[in-house]
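Printed here is upload.cif (mmCIF, C-alpha atoms and all ligand atoms):
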data_input
loop_
_atom_site.group_PDB
_atom_site.id
_atom_site.type_symbol
_atom_site.label_atom_id
_atom_site.label_comp_id
_atom_site.auth_asym_id
_atom_site.auth_seq_id
_atom_site.Cartn_x
_atom_site.Cartn_y
_atom_site.Cartn_z
ATOM 1 C CA MET A 1 -8.796 -11.725 9.330
ATOM 2 C CA LYS A 2 -11.000 -10.084 6.747
ATOM 3 C CA LEU A 3 -11.237 -6.674 5.131
ATOM 4 C CA GLU A 4 -14.423 -5.754 3.305
ATOM 5 C CA LEU A 5 -15.166 -2.767 1.139
ATOM 6 C CA GLU A 6 -18.850 -2.341 0.372
ATOM 7 C CA ASN A 7 -19.800 -0.153 -2.545
ATOM 8 C CA ILE A 8 -17.305 2.630 -1.849
ATOM 9 C CA VAL A 9 -17.939 5.869 -3.726
ATOM 10 C CA LYS A 10 -15.550 8.807 -3.418
ATOM 11 C CA LYS A 11 -15.778 12.001 -5.452
ATOM 12 C CA TYR A 12 -13.569 15.078 -5.494
ATOM 13 C CA GLY A 13 -16.055 17.705 -6.651
ATOM 14 C CA ASP A 14 -17.427 16.300 -9.913
ATOM 15 C CA LYS A 15 -14.525 13.909 -10.363
ATOM 16 C CA VAL A 16 -15.467 10.341 -9.446
ATOM 17 C CA ALA A 17 -12.302 8.795 -7.990
ATOM 18 C CA LEU A 18 -13.986 5.582 -6.799
ATOM 19 C CA GLY A 19 -17.213 4.589 -8.489
ATOM 20 C CA GLY A 20 -18.634 1.894 -6.215
ATOM 21 C CA VAL A 21 -15.806 -0.427 -5.208
ATOM 22 C CA SER A 22 -16.657 -3.691 -3.456
ATOM 23 C CA LEU A 23 -13.920 -6.054 -2.390
ATOM 24 C CA THR A 24 -13.205 -8.720 0.212
ATOM 25 C CA LEU A 25 -9.641 -9.564 1.197
ATOM 26 C CA GLY A 26 -8.294 -12.315 3.451
ATOM 27 C CA GLN A 27 -4.741 -13.239 4.446
ATOM 28 C CA GLY A 28 -2.200 -12.747 1.667
ATOM 29 C CA VAL A 29 -0.428 -10.199 -0.525
ATOM 30 C CA TYR A 30 -2.651 -8.259 -2.908
ATOM 31 C CA GLY A 31 -1.277 -6.122 -5.701
ATOM 32 C CA LEU A 32 -3.462 -3.105 -6.450
ATOM 33 C CA LEU A 33 -2.468 -2.380 -10.017
ATOM 34 C CA GLY A 34 -3.547 0.473 -12.243
ATOM 35 C CA PRO A 35 -2.187 3.534 -14.046
ATOM 36 C CA ASN A 36 -1.733 6.914 -12.363
ATOM 37 C CA GLY A 37 -5.102 8.421 -11.603
ATOM 38 C CA ALA A 38 -6.896 5.060 -11.377
ATOM 39 C CA GLY A 39 -7.835 5.709 -7.743
ATOM 40 C CA LYS A 40 -5.300 3.543 -5.899
ATOM 41 C CA SER A 41 -4.255 6.144 -3.323
ATOM 42 C CA THR A 42 -7.870 7.213 -2.819
ATOM 43 C CA MET A 43 -8.861 3.600 -2.149
ATOM 44 C CA MET A 44 -5.985 3.202 0.302
ATOM 45 C CA ASN A 45 -6.895 6.419 2.089
ATOM 46 C CA VAL A 46 -10.461 5.154 2.455
ATOM 47 C CA ILE A 47 -9.245 1.785 3.779
ATOM 48 C CA THR A 48 -6.971 3.469 6.309
ATOM 49 C CA GLY A 49 -9.776 5.755 7.453
ATOM 50 C CA ASN A 50 -7.891 8.906 6.423
ATOM 51 C CA LEU A 51 -10.541 9.752 3.882
ATOM 52 C CA ARG A 52 -14.272 9.416 4.422
ATOM 53 C CA PRO A 53 -16.076 7.973 1.398
ATOM 54 C CA ASP A 54 -19.217 9.686 0.092
ATOM 55 C CA SER A 55 -20.978 6.376 0.531
ATOM 56 C CA GLY A 56 -20.176 2.765 1.347
ATOM 57 C CA THR A 57 -18.476 1.126 4.303
ATOM 58 C CA VAL A 58 -15.164 -0.482 5.178
ATOM 59 C CA LYS A 59 -15.284 -3.346 7.650
ATOM 60 C CA TYR A 60 -12.541 -5.231 9.427
ATOM 61 C CA ASP A 61 -13.642 -8.638 10.709
ATOM 62 C CA GLY A 62 -17.236 -7.543 10.251
ATOM 63 C CA GLU A 63 -16.944 -4.263 12.180
ATOM 64 C CA ASN A 64 -17.200 -0.856 10.553
ATOM 65 C CA ILE A 65 -13.758 0.774 10.881
ATOM 66 C CA ARG A 66 -15.499 3.995 11.984
ATOM 67 C CA GLU A 67 -16.868 2.114 14.975
ATOM 68 C CA LEU A 68 -13.564 0.342 15.660
ATOM 69 C CA GLY A 69 -12.114 3.815 16.326
ATOM 70 C CA TRP A 70 -8.740 3.776 18.094
ATOM 71 C CA LYS A 71 -8.640 -0.051 18.049
ATOM 72 C CA TYR A 72 -8.126 0.165 14.298
ATOM 73 C CA ARG A 73 -4.751 1.859 14.893
ATOM 74 C CA GLY A 74 -3.455 -1.341 16.448
ATOM 75 C CA ILE A 75 -4.708 -3.396 13.507
ATOM 76 C CA LEU A 76 -3.515 -1.158 10.690
ATOM 77 C CA GLY A 77 -0.064 -0.316 9.335
ATOM 78 C CA TYR A 78 0.139 2.250 6.542
ATOM 79 C CA ALA A 79 2.942 3.645 4.421
ATOM 80 C CA PRO A 80 1.665 6.611 2.375
ATOM 81 C CA GLN A 81 2.867 7.473 -1.098
ATOM 82 C CA GLN A 82 4.563 10.797 -0.335
ATOM 83 C CA GLN A 83 8.001 11.044 1.161
ATOM 84 C CA GLY A 84 10.032 13.803 2.708
ATOM 85 C CA LEU A 85 7.805 14.711 5.622
ATOM 86 C CA TYR A 86 10.280 13.646 8.290
ATOM 87 C CA ASP A 87 13.625 14.390 6.690
ATOM 88 C CA SER A 88 15.037 16.066 9.794
ATOM 89 C CA PHE A 89 14.174 13.131 12.086
ATOM 90 C CA SER A 90 16.658 10.309 12.563
ATOM 91 C CA GLY A 91 15.294 6.898 11.598
ATOM 92 C CA ARG A 92 15.005 5.918 15.246
ATOM 93 C CA ARG A 93 13.286 9.146 16.281
ATOM 94 C CA PHE A 94 10.788 8.807 13.460
ATOM 95 C CA LEU A 95 9.970 5.246 14.547
ATOM 96 C CA ALA A 96 9.618 6.341 18.190
ATOM 97 C CA TYR A 97 7.210 9.054 17.076
ATOM 98 C CA MET A 98 5.164 6.561 15.055
ATOM 99 C CA ALA A 99 5.201 4.020 17.909
ATOM 100 C CA THR A 100 3.717 6.684 20.199
ATOM 101 C CA LEU A 101 1.023 7.514 17.641
ATOM 102 C CA LYS A 102 0.212 3.807 17.514
ATOM 103 C CA ASP A 103 -0.121 3.640 21.310
ATOM 104 C CA ILE A 104 2.663 1.088 21.678
ATOM 105 C CA PRO A 105 3.533 1.206 25.408
ATOM 106 C CA ARG A 106 6.827 2.985 26.249
ATOM 107 C CA SER A 107 8.183 -0.159 27.868
ATOM 108 C CA ARG A 108 7.852 -2.072 24.594
ATOM 109 C CA GLN A 109 8.954 0.682 22.212
ATOM 110 C CA LYS A 110 12.703 0.142 22.241
ATOM 111 C CA SER A 111 12.556 -3.599 21.561
ATOM 112 C CA GLU A 112 9.885 -3.113 18.907
ATOM 113 C CA ILE A 113 11.891 -0.363 17.164
ATOM 114 C CA ASP A 114 15.032 -2.514 17.284
ATOM 115 C CA ARG A 115 13.061 -5.393 15.780
ATOM 116 C CA VAL A 116 11.708 -3.441 12.798
ATOM 117 C CA LEU A 117 15.053 -1.672 12.173
ATOM 118 C CA LYS A 118 16.801 -5.021 12.018
ATOM 119 C CA TYR A 119 14.064 -6.335 9.817
ATOM 120 C CA VAL A 120 14.575 -3.678 7.130
ATOM 121 C CA ASN A 121 18.385 -3.646 7.579
ATOM 122 C CA LEU A 122 18.528 -0.094 8.885
ATOM 123 C CA THR A 123 20.004 -0.696 12.343
ATOM 124 C CA GLU A 124 23.287 0.954 11.333
ATOM 125 C CA ALA A 125 21.560 3.950 9.753
ATOM 126 C CA ALA A 126 19.070 4.510 12.592
ATOM 127 C CA LYS A 127 20.903 7.560 13.970
ATOM 128 C CA LYS A 128 21.196 9.359 10.645
ATOM 129 C CA PRO A 129 18.575 11.848 9.489
ATOM 130 C CA ILE A 130 16.053 10.403 7.040
ATOM 131 C CA GLY A 131 16.901 13.259 4.668
ATOM 132 C CA ALA A 132 20.313 11.649 4.167
ATOM 133 C CA TYR A 133 18.849 8.248 3.265
ATOM 134 C CA SER A 134 18.747 6.846 -0.279
ATOM 135 C CA GLY A 135 15.333 6.334 -1.905
ATOM 136 C CA GLY A 136 15.415 2.656 -0.999
ATOM 137 C CA MET A 137 16.302 3.375 2.630
ATOM 138 C CA LYS A 138 13.428 5.881 2.850
ATOM 139 C CA GLN A 139 11.008 3.277 1.551
ATOM 140 C CA ARG A 140 12.361 0.724 3.993
ATOM 141 C CA ILE A 141 11.941 3.063 6.990
ATOM 142 C CA LEU A 142 8.348 3.672 5.817
ATOM 143 C CA ILE A 143 7.788 -0.092 5.717
ATOM 144 C CA ALA A 144 9.401 -0.386 9.166
ATOM 145 C CA GLN A 145 6.922 2.075 10.683
ATOM 146 C CA ALA A 146 4.054 0.314 8.921
ATOM 147 C CA ILE A 147 4.890 -2.976 10.660
ATOM 148 C CA LEU A 148 5.530 -1.499 14.130
ATOM 149 C CA GLY A 149 3.361 -3.342 16.622
ATOM 150 C CA GLU A 150 2.648 -6.293 14.281
ATOM 151 C CA PRO A 151 -0.489 -4.947 12.564
ATOM 152 C CA LYS A 152 -2.753 -7.483 10.835
ATOM 153 C CA LEU A 153 -3.571 -5.191 7.935
ATOM 154 C CA VAL A 154 -0.705 -3.492 6.084
ATOM 155 C CA VAL A 155 -1.352 -0.930 3.344
ATOM 156 C CA LEU A 156 1.650 0.171 1.268
ATOM 157 C CA ASP A 157 1.107 2.865 -1.357
ATOM 158 C CA GLU A 158 3.642 2.538 -4.212
ATOM 159 C CA PRO A 159 6.444 1.302 -1.945
ATOM 160 C CA THR A 160 8.796 0.700 -4.868
ATOM 161 C CA ALA A 161 8.294 4.021 -6.696
ATOM 162 C CA GLY A 162 11.550 5.701 -7.600
ATOM 163 C CA LEU A 163 13.777 2.838 -6.478
ATOM 164 C CA ASP A 164 16.655 1.316 -8.408
ATOM 165 C CA PRO A 165 16.311 -2.349 -9.455
ATOM 166 C CA LYS A 166 18.312 -3.742 -6.532
ATOM 167 C CA GLU A 167 16.289 -1.762 -4.004
ATOM 168 C CA ARG A 168 13.050 -2.860 -5.669
ATOM 169 C CA VAL A 169 13.951 -6.507 -5.178
ATOM 170 C CA ARG A 170 14.820 -5.946 -1.511
ATOM 171 C CA VAL A 171 11.598 -4.104 -0.765
ATOM 172 C CA ARG A 172 9.593 -6.806 -2.572
ATOM 173 C CA GLU A 173 11.236 -9.579 -0.605
ATOM 174 C CA LYS A 174 10.549 -7.807 2.689
ATOM 175 C CA ILE A 175 6.869 -7.425 1.793
ATOM 176 C CA LYS A 176 6.554 -11.116 0.967
ATOM 177 C CA GLU A 177 8.314 -12.157 4.174
ATOM 178 C CA ILE A 178 5.852 -10.431 6.502
ATOM 179 C CA SER A 179 2.714 -11.711 4.771
ATOM 180 C CA ALA A 180 2.215 -15.050 6.539
ATOM 181 C CA ASP A 181 -0.304 -13.787 9.095
ATOM 182 C CA LYS A 182 -1.388 -10.522 7.515
ATOM 183 C CA ILE A 183 -3.493 -8.906 4.847
ATOM 184 C CA ILE A 184 -1.085 -6.845 2.748
ATOM 185 C CA LEU A 185 -2.285 -4.479 0.059
ATOM 186 C CA VAL A 186 0.416 -2.994 -2.162
ATOM 187 C CA SER A 187 -0.329 -0.467 -4.877
ATOM 188 C CA THR A 188 1.803 0.009 -7.957
ATOM 189 C CA HIS A 189 1.601 0.975 -11.592
ATOM 190 C CA VAL A 190 4.573 -1.252 -12.423
ATOM 191 C CA VAL A 191 3.569 -4.852 -13.187
ATOM 192 C CA SER A 192 6.986 -6.365 -12.454
ATOM 193 C CA ASP A 193 6.960 -4.942 -8.930
ATOM 194 C CA ILE A 194 4.033 -7.002 -7.867
ATOM 195 C CA GLN A 195 3.586 -10.071 -10.038
ATOM 196 C CA SER A 196 6.210 -12.192 -8.288
ATOM 197 C CA ILE A 197 4.942 -11.549 -4.738
ATOM 198 C CA ALA A 198 1.196 -11.032 -5.056
ATOM 199 C CA ASP A 199 -1.128 -13.912 -4.254
ATOM 200 C CA GLU A 200 -3.717 -11.953 -6.193
ATOM 201 C CA ILE A 201 -3.776 -8.923 -8.469
ATOM 202 C CA ILE A 202 -6.602 -6.383 -8.289
ATOM 203 C CA LEU A 203 -6.847 -4.303 -11.439
ATOM 204 C CA LEU A 204 -8.198 -0.816 -10.844
ATOM 205 C CA LYS A 205 -9.356 1.169 -13.837
ATOM 206 C CA SER A 206 -10.883 4.660 -13.606
ATOM 207 C CA GLY A 207 -12.101 4.077 -10.061
ATOM 208 C CA GLU A 208 -13.579 0.653 -10.685
ATOM 209 C CA ILE A 209 -12.319 -2.870 -10.223
ATOM 210 C CA ALA A 210 -11.785 -4.108 -13.753
ATOM 211 C CA ASP A 211 -10.825 -7.596 -12.605
ATOM 212 C CA ARG A 212 -8.994 -9.599 -9.966
ATOM 213 C CA GLY A 213 -7.262 -12.957 -9.828
ATOM 214 C CA THR A 214 -3.953 -14.762 -9.596
ATOM 215 C CA VAL A 215 -1.368 -13.967 -12.264
ATOM 216 C CA SER A 216 -2.032 -17.295 -13.980
ATOM 217 C CA GLU A 217 -5.826 -16.867 -13.842
ATOM 218 C CA LEU A 218 -5.588 -13.408 -15.380
ATOM 219 C CA CYS A 219 -3.129 -14.509 -18.071
ATOM 220 C CA ARG A 220 -5.461 -17.339 -19.035
ATOM 221 C CA LYS A 221 -8.550 -15.141 -19.004
ATOM 222 C CA TYR A 222 -6.969 -12.492 -21.215
ATOM 223 C CA SER A 223 -5.148 -15.044 -23.414
ATOM 224 C CA SER A 224 -1.884 -13.352 -22.522
ATOM 225 C CA GLU A 225 1.612 -14.717 -22.012
ATOM 226 C CA ASP A 226 2.329 -12.459 -19.055
ATOM 227 C CA MET A 227 0.862 -9.751 -16.816
ATOM 228 C CA GLU A 228 2.429 -6.960 -18.890
ATOM 229 C CA ARG A 229 0.185 -8.030 -21.748
ATOM 230 C CA VAL A 230 -2.876 -8.307 -19.499
ATOM 231 C CA TYR A 231 -2.113 -4.768 -18.339
ATOM 232 C CA MET A 232 -1.814 -3.517 -21.920
ATOM 233 C CA LYS A 233 -5.103 -5.188 -22.888
ATOM 234 C CA LEU A 234 -6.909 -3.553 -19.992
ATOM 235 C CA PHE A 235 -5.260 -0.167 -19.876
ATOM 236 C CA GLY A 236 -4.065 0.211 -23.443
ATOM 237 C CA GLU A 237 -2.519 3.548 -24.328
ATOM 238 C CA ASP A 238 -2.937 4.886 -20.779
ATOM 239 C CA GLY A 239 -0.874 2.047 -19.419
ATOM 240 C CA GLU A 240 1.731 2.527 -22.107
ATOM 241 C CA ASN A 241 2.103 6.240 -21.394
ATOM 242 C CA ASP A 242 2.158 5.558 -17.739
ATOM 243 C CA LYS A 243 4.883 2.953 -17.854
ATOM 244 C CA ALA A 244 7.103 5.354 -19.741
ATOM 245 C CA ASN A 245 7.097 7.588 -16.660
ATOM 246 C CA PRO A 246 7.331 5.275 -13.682
ATOM 247 C CA VAL A 247 7.110 7.380 -10.504
HETATM 248 N N1 LIG A 301 -7.418 15.893 -3.406
HETATM 249 C C1 LIG A 301 -7.866 15.726 -4.643
HETATM 250 N N2 LIG A 301 -8.621 16.663 -5.245
HETATM 251 C C2 LIG A 301 -9.100 16.494 -6.495
HETATM 252 N N3 LIG A 301 -8.885 15.408 -7.259
HETATM 253 C C3 LIG A 301 -8.134 14.440 -6.724
HETATM 254 C C4 LIG A 301 -7.575 14.546 -5.407
HETATM 255 N N4 LIG A 301 -6.882 13.411 -5.144
HETATM 256 C C5 LIG A 301 -6.994 12.658 -6.256
HETATM 257 N N5 LIG A 301 -7.726 13.252 -7.204
HETATM 258 C C6 LIG A 301 -8.094 12.700 -8.526
HETATM 259 O O1 LIG A 301 -8.743 11.464 -8.315
HETATM 260 C C7 LIG A 301 -8.285 10.478 -9.237
HETATM 261 C C8 LIG A 301 -7.645 9.310 -8.493
HETATM 262 O O2 LIG A 301 -6.454 9.759 -7.880
HETATM 263 P P1 LIG A 301 -5.538 8.799 -7.010
HETATM 264 O O3 LIG A 301 -6.378 8.075 -6.031
HETATM 265 O O4 LIG A 301 -4.409 9.605 -6.472
HETATM 266 O O5 LIG A 301 -5.021 7.751 -8.118
HETATM 267 P P2 LIG A 301 -3.699 6.855 -8.155
HETATM 268 O O6 LIG A 301 -3.191 6.699 -6.765
HETATM 269 O O7 LIG A 301 -4.151 5.568 -8.764
HETATM 270 O O8 LIG A 301 -2.734 7.548 -9.030
HETATM 271 C C9 LIG A 301 -7.321 11.208 -10.173
HETATM 272 O O9 LIG A 301 -8.039 11.636 -11.281
HETATM 273 C C10 LIG A 301 -6.861 12.379 -9.342
HETATM 274 O O10 LIG A 301 -6.497 13.457 -10.162
HETATM 275 MG MG MG A 302 -1.326 7.054 -5.944
#

Final structure tokens representation of the file:
Amino acid sequence: MKLELENIVKKYGDKVALGGVSLTLGQGVYGLLGPNGAGKSTMMNVITGNLRPDSGTVKYDGENIRELGWKYRGILGYAPQQQGLYDSFSGRRFLAYMATLKDIPRSRQKSEIDRVLKYVNLTEAAKKPIGAYSGGMKQRILIAQAILGEPKLVVLDEPTAGLDPKERVRVREKIKEISADKIILVSTHVVSDIQSIADEIILLKSGEIADRGTVSELCRKYSSEDMERVYMKLFGEDGENDKANPV
């Protein structure tokens, strides 16, 4: 199980969103941490194949994801940053729709949907429209669809954004629980959302990887008591402004 990014460059017009990102990830939970605008969503869209980089390649187990084609859909689970696209669907209908997109055979869909609903504690709410869910429930149904079909690579873009503290803890715990046999990449601009569950933190600054390591490695390297201080040292005023507006 290995994900490799090789020198990924992505520009929007003149704006360089990713300036040559190289990265290798194995099993574990990785926190992709950086302020708004750092390039986290762009990087995730490149990893998921939704966005074609200007140059560079993404490989899963040594194969270019472009060549993996439809097979990649069975390997990948993705929860995008935006919400509200499926507000009129019930939780169950949304999951059935996603299961079909993922080519999960009809005969297996019901048991698989029941499994992921139970997993995120939404069995009771499965018949209600997603539009009536709380922020935490919406995030949990997004996580549920991301783990349909037991993907090996799970990409979650700001899964805790806009949640209250109790919901944040629940979402965090769910992410940690599923990580045993997966590569999980979680983006956030909130240090406390990731430091307790990430095996490694990847610090993204202006489209480049500023550093990566375990929380203790990074604290030592930056002579800091905690990750908040590492973040401040790396992102300074940007980080400060950003943390004042967490969403
Ligand atoms: N579709 C787009 N068109 C133009 N610029 C974009 C687009 N998407 C993102 N950007 C810019 O690219 C940079 C990285 O954005 P993004 O990947 O969304 O960062 P993050 O997820 O870390 O907040 C930002 O400066 C953002 O304004
Ligand atoms: Mg983003």

Care to translate the PyMOL selection byres (((not hetatm)) within 10 of (chain A and resi 301)) into actual residues of this file, as a PyMOL selection string?
chain A and resi 10-18+32-46+81+157-158+187-189+204-207+247

Excluding segment 103-115 of chain A and residues on its chain fewer than 3 positions from it, collect all residues at most 9 Å away from it, counting only C-alpha atoms, and give them as a count of residues only.
16

Could you please determine the separation between atom CA of Arg170 of chain A and atom CA of Ala198 of chain A in Å, to one decimal place?
15.0 Å

Ground truth for the PyMOL selection byres (((chain A and resi 168) around 12) and not hetatm), written as a PyMOL selection string:
chain A and resi 135-137+139-140+158-167+169-175+188+190+192-194+196-197

May I have the selected residues written with C-alpha atoms, as a PDB file, in the coordinates of the input?
ATOM      1  CA  GLY A 135      15.333   6.334  -1.905  1.00  0.00           C
ATOM      2  CA  GLY A 136      15.415   2.656  -0.999  1.00  0.00           C
ATOM      3  CA  MET A 137      16.302   3.375   2.630  1.00  0.00           C
ATOM      4  CA  GLN A 139      11.008   3.277   1.551  1.00  0.00           C
ATOM      5  CA  ARG A 140      12.361   0.724   3.993  1.00  0.00           C
ATOM      6  CA  GLU A 158       3.642   2.538  -4.212  1.00  0.00           C
ATOM      7  CA  PRO A 159       6.444   1.302  -1.945  1.00  0.00           C
ATOM      8  CA  THR A 160       8.796   0.700  -4.868  1.00  0.00           C
ATOM      9  CA  ALA A 161       8.294   4.021  -6.696  1.00  0.00           C
ATOM     10  CA  GLY A 162      11.550   5.701  -7.600  1.00  0.00           C
ATOM     11  CA  LEU A 163      13.777   2.838  -6.478  1.00  0.00           C
ATOM     12  CA  ASP A 164      16.655   1.316  -8.408  1.00  0.00           C
ATOM     13  CA  PRO A 165      16.311  -2.349  -9.455  1.00  0.00           C
ATOM     14  CA  LYS A 166      18.312  -3.742  -6.532  1.00  0.00           C
ATOM     15  CA  GLU A 167      16.289  -1.762  -4.004  1.00  0.00           C
ATOM     16  CA  VAL A 169      13.951  -6.507  -5.178  1.00  0.00           C
ATOM     17  CA  ARG A 170      14.820  -5.946  -1.511  1.00  0.00           C
ATOM     18  CA  VAL A 171      11.598  -4.104  -0.765  1.00  0.00           C
ATOM     19  CA  ARG A 172       9.593  -6.806  -2.572  1.00  0.00           C
ATOM     20  CA  GLU A 173      11.236  -9.579  -0.605  1.00  0.00           C
ATOM     21  CA  LYS A 174      10.549  -7.807   2.689  1.00  0.00           C
ATOM     22  CA  ILE A 175       6.869  -7.425   1.793  1.00  0.00           C
ATOM     23  CA  THR A 188       1.803   0.009  -7.957  1.00  0.00           C
ATOM     24  CA  VAL A 190       4.573  -1.252 -12.423  1.00  0.00           C
ATOM     25  CA  SER A 192       6.986  -6.365 -12.454  1.00  0.00           C
ATOM     26  CA  ASP A 193       6.960  -4.942  -8.930  1.00  0.00           C
ATOM     27  CA  ILE A 194       4.033  -7.002  -7.867  1.00  0.00           C
ATOM     28  CA  SER A 196       6.210 -12.192  -8.288  1.00  0.00           C
ATOM     29  CA  ILE A 197       4.942 -11.549  -4.738  1.00  0.00           C
TER      30      ILE A 197
END

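The shortest atom-to-atom distance to ligand MG 302 (chain A), with only C-alpha atoms and all ligand atoms taken into account, belongs to A:Val186 out of A:Ile141, A:Ala180, A:Val186, A:Leu5.
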
What is the distance, in Å and to one decimal place, between atom CA of Ala125 of chain A and atom CA of Tyr97 of chain A?
16.9 Å

Contact residues around Lys2 of chain A with all atoms listed in the file at 12 Å, ignoring same-chain residues under 6 positions, as a PDB file with C-alpha atoms, in the frame of the given file:
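Final output, saved to around.pdb:
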ATOM      1  CA  LEU A  23     -13.920  -6.054  -2.390  1.00  0.00           C
ATOM      2  CA  THR A  24     -13.205  -8.720   0.212  1.00  0.00           C
ATOM      3  CA  LEU A  25      -9.641  -9.564   1.197  1.00  0.00           C
ATOM      4  CA  GLY A  26      -8.294 -12.315   3.451  1.00  0.00           C
ATOM      5  CA  GLN A  27      -4.741 -13.239   4.446  1.00  0.00           C
ATOM      6  CA  GLY A  28      -2.200 -12.747   1.667  1.00  0.00           C
ATOM      7  CA  VAL A  58     -15.164  -0.482   5.178  1.00  0.00           C
ATOM      8  CA  LYS A  59     -15.284  -3.346   7.650  1.00  0.00           C
ATOM      9  CA  TYR A  60     -12.541  -5.231   9.427  1.00  0.00           C
ATOM     10  CA  ASP A  61     -13.642  -8.638  10.709  1.00  0.00           C
ATOM     11  CA  GLY A  62     -17.236  -7.543  10.251  1.00  0.00           C
ATOM     12  CA  GLU A  63     -16.944  -4.263  12.180  1.00  0.00           C
ATOM     13  CA  ASN A  64     -17.200  -0.856  10.553  1.00  0.00           C
ATOM     14  CA  ILE A  65     -13.758   0.774  10.881  1.00  0.00           C
ATOM     15  CA  ILE A  75      -4.708  -3.396  13.507  1.00  0.00           C
ATOM     16  CA  LYS A 152      -2.753  -7.483  10.835  1.00  0.00           C
ATOM     17  CA  LEU A 153      -3.571  -5.191   7.935  1.00  0.00           C
ATOM     18  CA  ASP A 181      -0.304 -13.787   9.095  1.00  0.00           C
ATOM     19  CA  LYS A 182      -1.388 -10.522   7.515  1.00  0.00           C
ATOM     20  CA  ILE A 183      -3.493  -8.906   4.847  1.00  0.00           C
ATOM     21  CA  ILE A 184      -1.085  -6.845   2.748  1.00  0.00           C
TER      22      ILE A 184
END

Would you mind listing what lies within 8 Å of segment 129-133 of chain A as a PyMOL selection string, with all atoms listed in the file counted and same-chain residues fewer than 4 positions away left out?
chain A and resi 84+86-91+137-138

Starting from 4 Å padding per side, set up an axis-aligned box that covers all listed atoms of segment 17-29 of chain A and hand over centre and edge lengths in Å, one decimal, as JSON.
{"center_x": -9.5, "center_y": -2.2, "center_z": -2.0, "size_x": 26.2, "size_y": 30.0, "size_z": 20.9}

Between A:Leu101, A:Pro80, A:Arg52, A:Leu3, which is the closest to ligand MG 302 (chain A) once you count all atoms listed in the file?
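Among the listed residues, the smallest separation from ligand MG 302 (chain A) belongs to A:Pro80.
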
Since I can't run it myself right now, could you work out what the PyMOL selection byres (((chain A and resi 229) around 12) and not hetatm) selects here and report it as a list in words?
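Output from the PyMOL selection byres (((chain A and resi 229) around 12) and not hetatm), applied to this file: Val191, Ser192, Val215, Leu218, Cys219, Arg220, Lys221, Tyr222, Ser223, Ser224, Glu225, Asp226, Met227, Glu228, Val230, Tyr231, Met232, Lys233, Leu234, Phe235, Gly236, Gly239 and Glu240 of chain A.
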
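Between atom CA of Glu4 of chain A and atom CA of Ile202 of chain A lies a distance of 14.0 Å.
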
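Comparing A:Leu85, A:Ala126, A:Val21, A:Leu156 by their smallest distance to ligand MG 302 (chain A), the closest is A:Leu156 (using all atoms listed in the file).
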
Residue nearest Thr214 of chain A - candidates A:Ile201, A:Ile178, A:Leu68, A:Leu117, atoms counted: only C-alpha atoms
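Of all the options, A:Ile201 lies closest to Thr214 of chain A.
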
Quick one: of A:Glu124, A:Lys71, A:Ala79, A:Ser22, who's nearest to ligand MG 302 (chain A), counting all atoms listed in the file?
A:Ala79
